[in-house]
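Below: the structure, in structure tokens.
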Amino acid sequence: MRHDHSPMTTPDAAGYGAAVTLSQAPRPAPVRITDLGAPEFSPEVRAIMDAVGPLGAAADLTPAALMDQARAQTGLDDFGPTDFVERLDVLCTALREEAGLSDFGRFGQQQMLVKLLANRLLIEDLVARHPEILSIEIAAPIVICGLPRTGTTHLHNLMSADPALRSLPYWESLEPVLPAAETPGPGEPDPRLARTQMGLDLLHAAMPYFDRMHEMTVDHVHEEIQLLAVDFSTMLFESSCYVPSYAEYYKAHDQTSSYRYMRKILQCMTFLRGGDRWVIKSPQHLEQFPVLAEVFPDATFVVTHRDPVAVLTSMLTMVVYGNRMGTDHPDPEKIGAHWRVRIDDMLRACVRDRDALPADRSIDVRFDDFMADDIAMVERIYDLAGQPMTSEAQAAMDRFMVEHPRGRHGTVVYELAPFGLDPTEQRAALAYYADRFGVGAEPGAGG
């Protein structure tokens with residue numbers, strides 16, 4: 001049975017509270033993105049890019065320079081375990097030699113890497129001052145594993161609406177620990193909120209269709225892929241820039257220590273803002289089942305599945321569209337070829353390692369089943385995880401769905417042709433995964 005969600009009224013333009021439900025509001029027409037390889041920006045965005053370009057041209061993308069900047073920014077110098085430096089060096093080399101960064105992109109990467117290093121310094125400083133943090137249990141988390149476009153975001157949002165579960169808002173993912181000097185006084189806003197909004201304003205101006213693919217707001221629940229970046233072992237970097245040598249390095253190395261560092265960050269955030277039971281999710285978890293089972297031995301695992309060609313098509317579109325922030329001329333076919341292999345890596349790992357997850361604490365969720373009755377699927381997950389579905393949780397999820405109807409920002413027309421890939425060939429190549437998890441072809445997927 002499909003669960004009913006009560007309508008919510010919103011004020012009309014005159015402010016008289018016309019009874020228009022958010023779920024019934026007119027949707028923008030679908031769009032086809034035609035400038036993937038030659039991005040077009042508004043004059044305002046182009047002016048910003050041109051203004052910061054000289055700063056990017058002078059940016060020193062080497063570990064030593066970036067670490068020095070983070071030290072100067074925070075006044076701290078203890079980065080904790082230094083095994084990350086090798087990973088950072090591989091990444092920096094790939095950014096300099098492979099990514100084809102524009103000056104604006106070079107500036108953006110420098111700023112991101114310095115921020116990640118500053119986060120690491122602040123985390124290590126917090127733990128040094130409060131060693132009891134390392135005794136905090138990250139007990140029985142619910143871990144969502146699945147590629148983008150398989151329903152992970154909607155599922156994560158629904159469960160995160162439950163006030164009994166702890167999740168990661170976007171602003172906190174960017175800056176898990178606030179410098180002591182910036183601690184807001186009573187009634188003052190956290191400065192991280194304004195900084196996050198400023199970044200999102202530029203992102204939305206430069207990528208006006210991104211919200212159609214993945215909504216981003218200051219408080220929007222986010223993936224811990226951002227936390228794994230603090231240890232410089234994450235798919236985040238290859239999703240924003242073409243860095244194949246870094247991807248190969250990442251695939252060749254065991255990720256257990258980096259997932260343990262992520263758990264350490266979760267402990268810090270629990271110490272700072274509370275929370276009893278975490279719900280987390282990331283696409284890269286799909287190829288890390290044995291690691292997840294070791295680092296979070298009492299977790300409940302939710303593995304999402306969808307027609308792999310539909311996933312491939314939409315994910316390639318999102319990744320190539322995002323690459324415009326780093327390079328003047330993204331190459332859809334080159335990036336598409338890279339991600340075709342990476343997605344195959346993750347799907348093969350999922351098939352290979354699915355049984356590494358505990359049978360009594362893991363569930364496979366097919367996209368069609370989830371969309372047929374999302375709340376019923378959440379209830380199944382809660383039953384498996386021993387998480388009560390309270391009336392408060394149900395009301396919060398209902399409220400979220402009324403306020404965030406699917407497709408409210410409009411949709412994107414997804415096609416494989418811009419990436420030099422043929423849907424029929426890809427369906428045959430990925431049949432091993434579709435057969436293993438019983439996900440059929442979706443009409444028009446990849447066409």
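Chain labels A, B, ... are given in the sequence in which chains occur in the structure tokens; within each chain residues are numbered consecutively from 1, and ligands are likewise numbered from 1 in the order shown.
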For the contact check between region 139-252 of chain A and region 318-322 of chain A, emit one row per residue of region 139-252 of chain A within 8 Å, containing the shortest atom pair and the distance in Å rounded to one decimal, counting only C-alpha atoms, chain then rising number order, as JSON lines.
```
{"residue": "A:Met207", "atom": "CA", "partner": "A:Gly322", "partner_atom": "CA", "distance": 7.5}
{"residue": "A:Phe210", "atom": "CA", "partner": "A:Met318", "partner_atom": "CA", "distance": 7.5}
{"residue": "A:Met213", "atom": "CA", "partner": "A:Met318", "partner_atom": "CA", "distance": 6.8}
{"residue": "A:Ser239", "atom": "CA", "partner": "A:Val319", "partner_atom": "CA", "distance": 5.8}
{"residue": "A:Ser240", "atom": "CA", "partner": "A:Gly322", "partner_atom": "CA", "distance": 6.1}
```
Go through region 354-440 of chain A and flag each residue having an atom no more than 12 Å from region 216-233 of chain A; for those, report the closest pair of atoms plus their distance in Å to one decimal, using only C-alpha atoms, ordered by chain and rising number, as a tab-separated table.
```
residue	atom	partner	partner_atom	distance
A:Phe400	CA	A:His220	CA	11.5
A:His404	CA	A:His220	CA	11.2
A:His409	CA	A:Met216	CA	11.4
```
Show which residues sit within 12 Å of Leu384 (chain A), as a list in words. Count only C-alpha atoms, and ignore same-chain residues fewer than 4 positions away.
-> Ala140, Ile142, Ala299, Thr300, Phe301, Val302, Pro358, Ala359, Asp360, Arg361, Ser362, Ile363, Asp364, Met377, Val378, Glu379, Arg380, Pro388 and Met389 of chain A
Once you have the residues from the selection above, write them out as a PDB file, in the first residue's frame, restricted to N, CA and C atoms.
```pdb
ATOM      1  N   ALA A 140      26.347   0.661  16.136  1.00  0.00           N
ATOM      2  CA  ALA A 140      25.316   0.141  15.230  1.00  0.00           C
ATOM      3  C   ALA A 140      24.862   1.149  14.172  1.00  0.00           C
ATOM      4  N   ILE A 142      23.738   2.768  10.628  1.00  0.00           N
ATOM      5  CA  ILE A 142      23.061   2.255   9.438  1.00  0.00           C
ATOM      6  C   ILE A 142      23.818   2.818   8.239  1.00  0.00           C
ATOM      7  N   ALA A 299      27.213  -2.754  12.403  1.00  0.00           N
ATOM      8  CA  ALA A 299      26.390  -1.923  11.527  1.00  0.00           C
ATOM      9  C   ALA A 299      25.311  -2.744  10.833  1.00  0.00           C
ATOM     10  N   THR A 300      24.273  -2.042  10.398  1.00  0.00           N
ATOM     11  CA  THR A 300      23.287  -2.584   9.473  1.00  0.00           C
ATOM     12  C   THR A 300      23.568  -1.979   8.105  1.00  0.00           C
ATOM     13  N   PHE A 301      23.588  -2.801   7.072  1.00  0.00           N
ATOM     14  CA  PHE A 301      23.989  -2.358   5.743  1.00  0.00           C
ATOM     15  C   PHE A 301      22.812  -2.410   4.769  1.00  0.00           C
ATOM     16  N   VAL A 302      22.623  -1.333   4.040  1.00  0.00           N
ATOM     17  CA  VAL A 302      21.566  -1.228   3.040  1.00  0.00           C
ATOM     18  C   VAL A 302      22.237  -1.047   1.685  1.00  0.00           C
ATOM     19  N   PRO A 358      27.127  -9.101   6.869  1.00  0.00           N
ATOM     20  CA  PRO A 358      26.374 -10.079   7.661  1.00  0.00           C
ATOM     21  C   PRO A 358      24.955 -10.258   7.127  1.00  0.00           C
ATOM     22  N   ALA A 359      24.572 -11.496   6.908  1.00  0.00           N
ATOM     23  CA  ALA A 359      23.266 -11.784   6.305  1.00  0.00           C
ATOM     24  C   ALA A 359      22.109 -11.288   7.160  1.00  0.00           C
ATOM     25  N   ASP A 360      22.290 -11.308   8.488  1.00  0.00           N
ATOM     26  CA  ASP A 360      21.190 -10.908   9.368  1.00  0.00           C
ATOM     27  C   ASP A 360      21.149  -9.401   9.602  1.00  0.00           C
ATOM     28  N   ARG A 361      22.106  -8.657   9.032  1.00  0.00           N
ATOM     29  CA  ARG A 361      22.113  -7.201   9.189  1.00  0.00           C
ATOM     30  C   ARG A 361      22.401  -6.497   7.862  1.00  0.00           C
ATOM     31  N   SER A 362      21.924  -7.070   6.785  1.00  0.00           N
ATOM     32  CA  SER A 362      22.087  -6.423   5.486  1.00  0.00           C
ATOM     33  C   SER A 362      20.867  -6.712   4.631  1.00  0.00           C
ATOM     34  N   ILE A 363      20.563  -5.767   3.748  1.00  0.00           N
ATOM     35  CA  ILE A 363      19.379  -5.881   2.904  1.00  0.00           C
ATOM     36  C   ILE A 363      19.677  -5.265   1.550  1.00  0.00           C
ATOM     37  N   ASP A 364      19.169  -5.900   0.494  1.00  0.00           N
ATOM     38  CA  ASP A 364      19.264  -5.354  -0.855  1.00  0.00           C
ATOM     39  C   ASP A 364      17.967  -4.619  -1.168  1.00  0.00           C
ATOM     40  N   MET A 377       9.547   0.579   2.704  1.00  0.00           N
ATOM     41  CA  MET A 377      10.920   0.080   2.628  1.00  0.00           C
ATOM     42  C   MET A 377      11.725   0.556   3.833  1.00  0.00           C
ATOM     43  N   VAL A 378      11.547   1.805   4.238  1.00  0.00           N
ATOM     44  CA  VAL A 378      12.234   2.290   5.435  1.00  0.00           C
ATOM     45  C   VAL A 378      11.824   1.462   6.643  1.00  0.00           C
ATOM     46  N   GLU A 379      10.562   1.105   6.726  1.00  0.00           N
ATOM     47  CA  GLU A 379      10.104   0.283   7.850  1.00  0.00           C
ATOM     48  C   GLU A 379      10.796  -1.079   7.849  1.00  0.00           C
ATOM     49  N   ARG A 380      11.008  -1.660   6.673  1.00  0.00           N
ATOM     50  CA  ARG A 380      11.723  -2.934   6.584  1.00  0.00           C
ATOM     51  C   ARG A 380      13.163  -2.773   7.077  1.00  0.00           C
ATOM     52  N   PRO A 388      13.302   1.760  16.169  1.00  0.00           N
ATOM     53  CA  PRO A 388      11.852   1.960  16.268  1.00  0.00           C
ATOM     54  C   PRO A 388      11.344   2.969  15.229  1.00  0.00           C
ATOM     55  N   MET A 389      10.259   2.622  14.561  1.00  0.00           N
ATOM     56  CA  MET A 389       9.573   3.573  13.686  1.00  0.00           C
ATOM     57  C   MET A 389       8.487   4.244  14.527  1.00  0.00           C
TER      58      MET A 389
END
```
Can you pull out every residue within 12 Å of Thr270 (chain A), counting only C-alpha atoms, but drop anything in the same chain fewer than 2 positions away, and send it as a count of residues only?
-> 28
Go through region 98-149 of chain A residue by residue and, counting only C-alpha atoms, keep those with an atom at most 12 Å from region 186-202 of chain A; for each kept residue give the shortest atom pair and its distance in Å to one decimal, ordered by chain and increasing number, as a Markdown table.
```
| residue | atom | partner | partner_atom | distance |
| --- | --- | --- | --- | --- |
| A:Gly108 | CA | A:Gly199 | CA | 10.7 |
| A:Gln111 | CA | A:Gly199 | CA | 11.6 |
| A:Met112 | CA | A:Gly199 | CA | 11.2 |
```
Mind writing the picked residues with C-alpha atoms as a PDB file, in the first residue's frame?
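The file below, selection26.pdb, is the result:
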```
ATOM      1  CA  GLY A 108      39.506  25.888  -6.311  1.00  0.00           C
ATOM      2  CA  GLN A 111      41.453  26.087  -1.497  1.00  0.00           C
ATOM      3  CA  MET A 112      39.786  22.704  -1.051  1.00  0.00           C
TER       4      MET A 112
END
```
Go through region 81-164 of chain A residue by residue and, counting only C-alpha atoms, keep those with an atom at most 10 Å from region 345-357 of chain A; for each kept residue give the shortest atom pair and its distance in Å to one decimal, ordered by chain and increasing number, as a tab-separated table.
```
residue	atom	partner	partner_atom	distance
A:Cys145	CA	A:Cys350	CA	9.5
A:Gly146	CA	A:Cys350	CA	9.1
A:Leu147	CA	A:Met346	CA	8.4
```
Which value, in Å to one decimal, gives the distance between CA of Gly53 (chain A) and CA of Gly326 (chain A)?
->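 A separation of 11.4 Å between them.
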Pick out each residue of region 93-169 of chain A that DSSP on the backbone tags as helix (DSSP H, G or I); I need them as a ChimeraX atom specification.
-> /A:93-97,103-129,131-135,152-161
Can I get the selection written as a PDB file, in the first residue's frame, with C-alpha atoms?
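And here's selection_31.pdb as it stands now:
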```pdb
ATOM      1  CA  THR A  93      50.799  15.251  -9.210  1.00  0.00           C
ATOM      2  CA  ALA A  94      47.631  14.109 -10.984  1.00  0.00           C
ATOM      3  CA  LEU A  95      46.048  17.550 -10.590  1.00  0.00           C
ATOM      4  CA  ARG A  96      49.115  19.233 -12.069  1.00  0.00           C
ATOM      5  CA  GLU A  97      49.775  16.775 -14.891  1.00  0.00           C
ATOM      6  CA  ASP A 103      43.361  28.850 -13.431  1.00  0.00           C
ATOM      7  CA  PHE A 104      39.999  29.028 -11.669  1.00  0.00           C
ATOM      8  CA  GLY A 105      40.040  25.252 -11.192  1.00  0.00           C
ATOM      9  CA  ARG A 106      43.586  25.343  -9.858  1.00  0.00           C
ATOM     10  CA  PHE A 107      42.527  27.964  -7.309  1.00  0.00           C
ATOM     11  CA  GLY A 108      39.506  25.888  -6.311  1.00  0.00           C
ATOM     12  CA  GLN A 109      41.589  22.754  -5.803  1.00  0.00           C
ATOM     13  CA  GLN A 110      44.161  24.663  -3.745  1.00  0.00           C
ATOM     14  CA  GLN A 111      41.453  26.087  -1.497  1.00  0.00           C
ATOM     15  CA  MET A 112      39.786  22.704  -1.051  1.00  0.00           C
ATOM     16  CA  LEU A 113      43.021  20.896  -0.198  1.00  0.00           C
ATOM     17  CA  VAL A 114      44.119  23.556   2.287  1.00  0.00           C
ATOM     18  CA  LYS A 115      40.691  23.361   3.930  1.00  0.00           C
ATOM     19  CA  LEU A 116      40.956  19.569   4.221  1.00  0.00           C
ATOM     20  CA  LEU A 117      44.400  19.888   5.778  1.00  0.00           C
ATOM     21  CA  ALA A 118      43.125  22.550   8.177  1.00  0.00           C
ATOM     22  CA  ASN A 119      40.263  20.232   9.109  1.00  0.00           C
ATOM     23  CA  ARG A 120      42.797  17.529   9.879  1.00  0.00           C
ATOM     24  CA  LEU A 121      44.816  19.856  12.106  1.00  0.00           C
ATOM     25  CA  LEU A 122      41.670  20.907  13.985  1.00  0.00           C
ATOM     26  CA  ILE A 123      40.572  17.291  14.425  1.00  0.00           C
ATOM     27  CA  GLU A 124      43.939  16.237  15.800  1.00  0.00           C
ATOM     28  CA  ASP A 125      44.014  19.254  18.114  1.00  0.00           C
ATOM     29  CA  LEU A 126      40.524  18.481  19.444  1.00  0.00           C
ATOM     30  CA  VAL A 127      41.424  14.857  20.148  1.00  0.00           C
ATOM     31  CA  ALA A 128      44.678  15.887  21.825  1.00  0.00           C
ATOM     32  CA  ARG A 129      42.733  18.168  24.166  1.00  0.00           C
ATOM     33  CA  PRO A 131      41.354  12.126  24.395  1.00  0.00           C
ATOM     34  CA  GLU A 132      38.069  10.747  25.750  1.00  0.00           C
ATOM     35  CA  ILE A 133      36.703  11.286  22.233  1.00  0.00           C
ATOM     36  CA  LEU A 134      38.402   8.081  21.135  1.00  0.00           C
ATOM     37  CA  SER A 135      36.280   6.166  23.653  1.00  0.00           C
ATOM     38  CA  THR A 152      20.434   6.437  -1.951  1.00  0.00           C
ATOM     39  CA  THR A 153      19.876  10.176  -1.564  1.00  0.00           C
ATOM     40  CA  HIS A 154      16.111   9.890  -1.074  1.00  0.00           C
ATOM     41  CA  LEU A 155      16.557   6.996   1.340  1.00  0.00           C
ATOM     42  CA  HIS A 156      19.266   8.854   3.256  1.00  0.00           C
ATOM     43  CA  ASN A 157      17.094  11.974   3.454  1.00  0.00           C
ATOM     44  CA  LEU A 158      14.073  10.059   4.717  1.00  0.00           C
ATOM     45  CA  MET A 159      15.982   8.308   7.468  1.00  0.00           C
ATOM     46  CA  SER A 160      17.862  11.474   8.382  1.00  0.00           C
ATOM     47  CA  ALA A 161      14.524  13.212   8.932  1.00  0.00           C
TER      48      ALA A 161
END
```
Assign secondary structure with DSSP using the backbone only, and return the residues of region 94-148 of chain A in strand (DSSP E) as a PyMOL selection string.
-> chain A and resi 142-145
Gap from CA of His285 (chain A) to CA of Gln255 (chain A) - Å, one decimal = 10.4 Å
Mind pulling up the distance from CA of Ala431 (chain A) to CA of Ala293 (chain A)?
->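 Atom-to-atom, CA of Ala293 (chain A) and CA of Ala431 (chain A) are spaced 26.8 Å apart.
Excluding Ser245 (chain A) itself and same-chain residues fewer than 6 positions from it, the residues having an atom within 12 Å of it are Arg87, Asp89, Val90, Leu91, Cys92, Thr93, Ala94, Leu95, Arg96, Glu97, Glu98, Ala99, Phe237, Glu238, Lys251, Ala252 and His338 of chain A, counting only C-alpha atoms.
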List the neighbours of region 365-369 of chain A out to 7 Å using only C-alpha atoms; skip same-chain residues closer than 5 positions along the sequence, and give me the result as a PyMOL selection string.
-> chain A and resi 150-151+302-306+439
Out of A:Ser173, A:Thr62, A:Ser42, A:Gln288, which residue has the shortest atom-to-atom distance to Ile144 (chain A) when counting only C-alpha atoms?
-> A:Gln288
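The environment of Asp50 (chain A) within 12 Å, counting only C-alpha atoms and disregarding residues fewer than 4 places along the same chain, consists of Phe41, Pro43, Glu44, Val45, Arg46, Pro54, Leu55, Gly56, Ala57, Ser102, Asp103, Phe104, Gly105, Phe107 and Asp328 of chain A.
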